[in-house]
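Here the structure comes first, spelled out in structure tokens, and everything after it is commentary.
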Amino acid sequence: MSQILVDEHLSRTEVLAPLRTWITAQKIEDLAPDETLKDERILQLLRSQKQPTLVTLDAGFYHKMKRALNSI
């Protein structure tokens, strides 16, 4: 099953709630509620999920993660 993970910059009511009407979705920080999430930790969290899709506004983060995934 695909899972949508929404970054901390996106609204729970405007983005997350509508997504939840048709797919499993949650905020990325809900996976590690007691942590400050740095880029490297977000990559670890994504790898721990089954078929995750991250929704983010940060294009720089996308490119950083793409490079990290390609180096594996």
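Here, A, B, ... name the chains of the structure tokens in the order displayed, residue numbers run from 1 inside each chain, and ligands are numbered from 1 in the same displayed order.
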### Query
Got a sec to tell me which of chain A DSSP assigns to helix (DSSP H, G or I), as a PyMOL selection string?
chain A and resi 12-19+28-31+39-47+59-70
### Query
What's the 8 Å shell around region 12-27 of chain A, counting only C-alpha atoms, without same-chain residues fewer than 5 positions away, as a list in words?
Ser2, Gln3, Ile4, Leu5, Val6 and Asp7 of chain A
Output of the above residues as a PDB file, in the first residue's frame, restricted to N, CA and C atoms:
```
ATOM      1  N   SER A   2       0.554   2.185  -0.796  1.00  0.00           N
ATOM      2  CA  SER A   2       1.276   3.452  -0.834  1.00  0.00           C
ATOM      3  C   SER A   2       0.894   4.305   0.357  1.00  0.00           C
ATOM      4  N   GLN A   3       1.832   5.082   0.832  1.00  0.00           N
ATOM      5  CA  GLN A   3       1.580   5.962   1.957  1.00  0.00           C
ATOM      6  C   GLN A   3       2.143   7.336   1.632  1.00  0.00           C
ATOM      7  N   ILE A   4       1.344   8.366   1.846  1.00  0.00           N
ATOM      8  CA  ILE A   4       1.772   9.742   1.642  1.00  0.00           C
ATOM      9  C   ILE A   4       2.275  10.286   2.974  1.00  0.00           C
ATOM     10  N   LEU A   5       3.466  10.863   2.966  1.00  0.00           N
ATOM     11  CA  LEU A   5       4.023  11.535   4.132  1.00  0.00           C
ATOM     12  C   LEU A   5       4.177  13.003   3.772  1.00  0.00           C
ATOM     13  N   VAL A   6       3.624  13.869   4.598  1.00  0.00           N
ATOM     14  CA  VAL A   6       3.596  15.304   4.337  1.00  0.00           C
ATOM     15  C   VAL A   6       4.621  15.985   5.234  1.00  0.00           C
ATOM     16  N   ASP A   7       5.458  16.860   4.657  1.00  0.00           N
ATOM     17  CA  ASP A   7       6.470  17.513   5.484  1.00  0.00           C
ATOM     18  C   ASP A   7       5.844  18.534   6.431  1.00  0.00           C
TER      19      ASP A   7
END
```
### Task
Rank nothing, just name the residue among A:Pro52, A:Glu29, A:Glu40, A:Asp34 nearest to His9 (chain A), using only C-alpha atoms.
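For His9 (chain A), the nearest of the given residues is A:Glu29.
Those residues that approach Arg41 (chain A) to within 12 Å, counting only C-alpha atoms, are Ile28, Glu29, Leu31, Ala32, Glu35, Thr36, Leu46, Arg47, Ser48 and Met65 of chain A; same-chain residues fewer than 5 positions away are not listed.
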### Task
Rounded to one decimal place, report the CA of Ser71 (chain A)-CA of Pro33 (chain A) distance in Å.
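Going from CA of Ser71 (chain A) over to CA of Pro33 (chain A), I get 28.3 Å.
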### Message
Can you pull out every residue from chain A that DSSP, working from the backbone, puts in strand (DSSP E), and format the result as a VMD selection string?
### Response
chain A and resid 3 to 6 25 to 27 52 to 55
Can those selected residues be exported to a file as an mmCIF file, in the first residue's frame so that it contains N, CA and C atoms?
```cif
data_model
loop_
_atom_site.group_PDB
_atom_site.id
_atom_site.type_symbol
_atom_site.label_atom_id
_atom_site.label_comp_id
_atom_site.auth_asym_id
_atom_site.auth_seq_id
_atom_site.Cartn_x
_atom_site.Cartn_y
_atom_site.Cartn_z
ATOM 1 N N GLN A 3 1.832 5.082 0.832
ATOM 2 C CA GLN A 3 1.580 5.962 1.957
ATOM 3 C C GLN A 3 2.143 7.336 1.632
ATOM 4 N N ILE A 4 1.344 8.366 1.846
ATOM 5 C CA ILE A 4 1.772 9.742 1.642
ATOM 6 C C ILE A 4 2.275 10.286 2.974
ATOM 7 N N LEU A 5 3.466 10.863 2.966
ATOM 8 C CA LEU A 5 4.023 11.535 4.132
ATOM 9 C C LEU A 5 4.177 13.003 3.772
ATOM 10 N N VAL A 6 3.624 13.869 4.598
ATOM 11 C CA VAL A 6 3.596 15.304 4.337
ATOM 12 C C VAL A 6 4.621 15.985 5.234
ATOM 13 N N ALA A 25 -2.340 8.851 4.848
ATOM 14 C CA ALA A 25 -1.442 10.013 4.863
ATOM 15 C C ALA A 25 -1.202 10.456 6.299
ATOM 16 N N GLN A 26 0.020 10.925 6.554
ATOM 17 C CA GLN A 26 0.345 11.462 7.873
ATOM 18 C C GLN A 26 1.509 12.433 7.754
ATOM 19 N N LYS A 27 1.722 13.211 8.784
ATOM 20 C CA LYS A 27 2.843 14.140 8.822
ATOM 21 C C LYS A 27 4.121 13.357 9.090
ATOM 22 N N PRO A 52 6.757 4.676 0.517
ATOM 23 C CA PRO A 52 6.359 6.028 0.914
ATOM 24 C C PRO A 52 6.470 7.025 -0.236
ATOM 25 N N THR A 53 5.670 8.067 -0.153
ATOM 26 C CA THR A 53 5.762 9.218 -1.045
ATOM 27 C C THR A 53 5.791 10.452 -0.161
ATOM 28 N N LEU A 54 6.840 11.246 -0.274
ATOM 29 C CA LEU A 54 6.956 12.458 0.532
ATOM 30 C C LEU A 54 6.437 13.644 -0.264
ATOM 31 N N VAL A 55 5.549 14.409 0.334
ATOM 32 C CA VAL A 55 5.047 15.641 -0.262
ATOM 33 C C VAL A 55 5.745 16.794 0.453
#
```
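CA of Lys64 (chain A) is positioned 8.6 Å from CA of Asp39 (chain A).
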### Summary
Lys66 (chain A) proximity check over A:Lys38, A:Leu43, A:Lys50, A:Asp30, using only C-alpha atoms: winner is A:Leu43
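CA of Ile42 (chain A) to CA of Asp58 (chain A) spans 13.0 Å [interatomic distance, one decimal].
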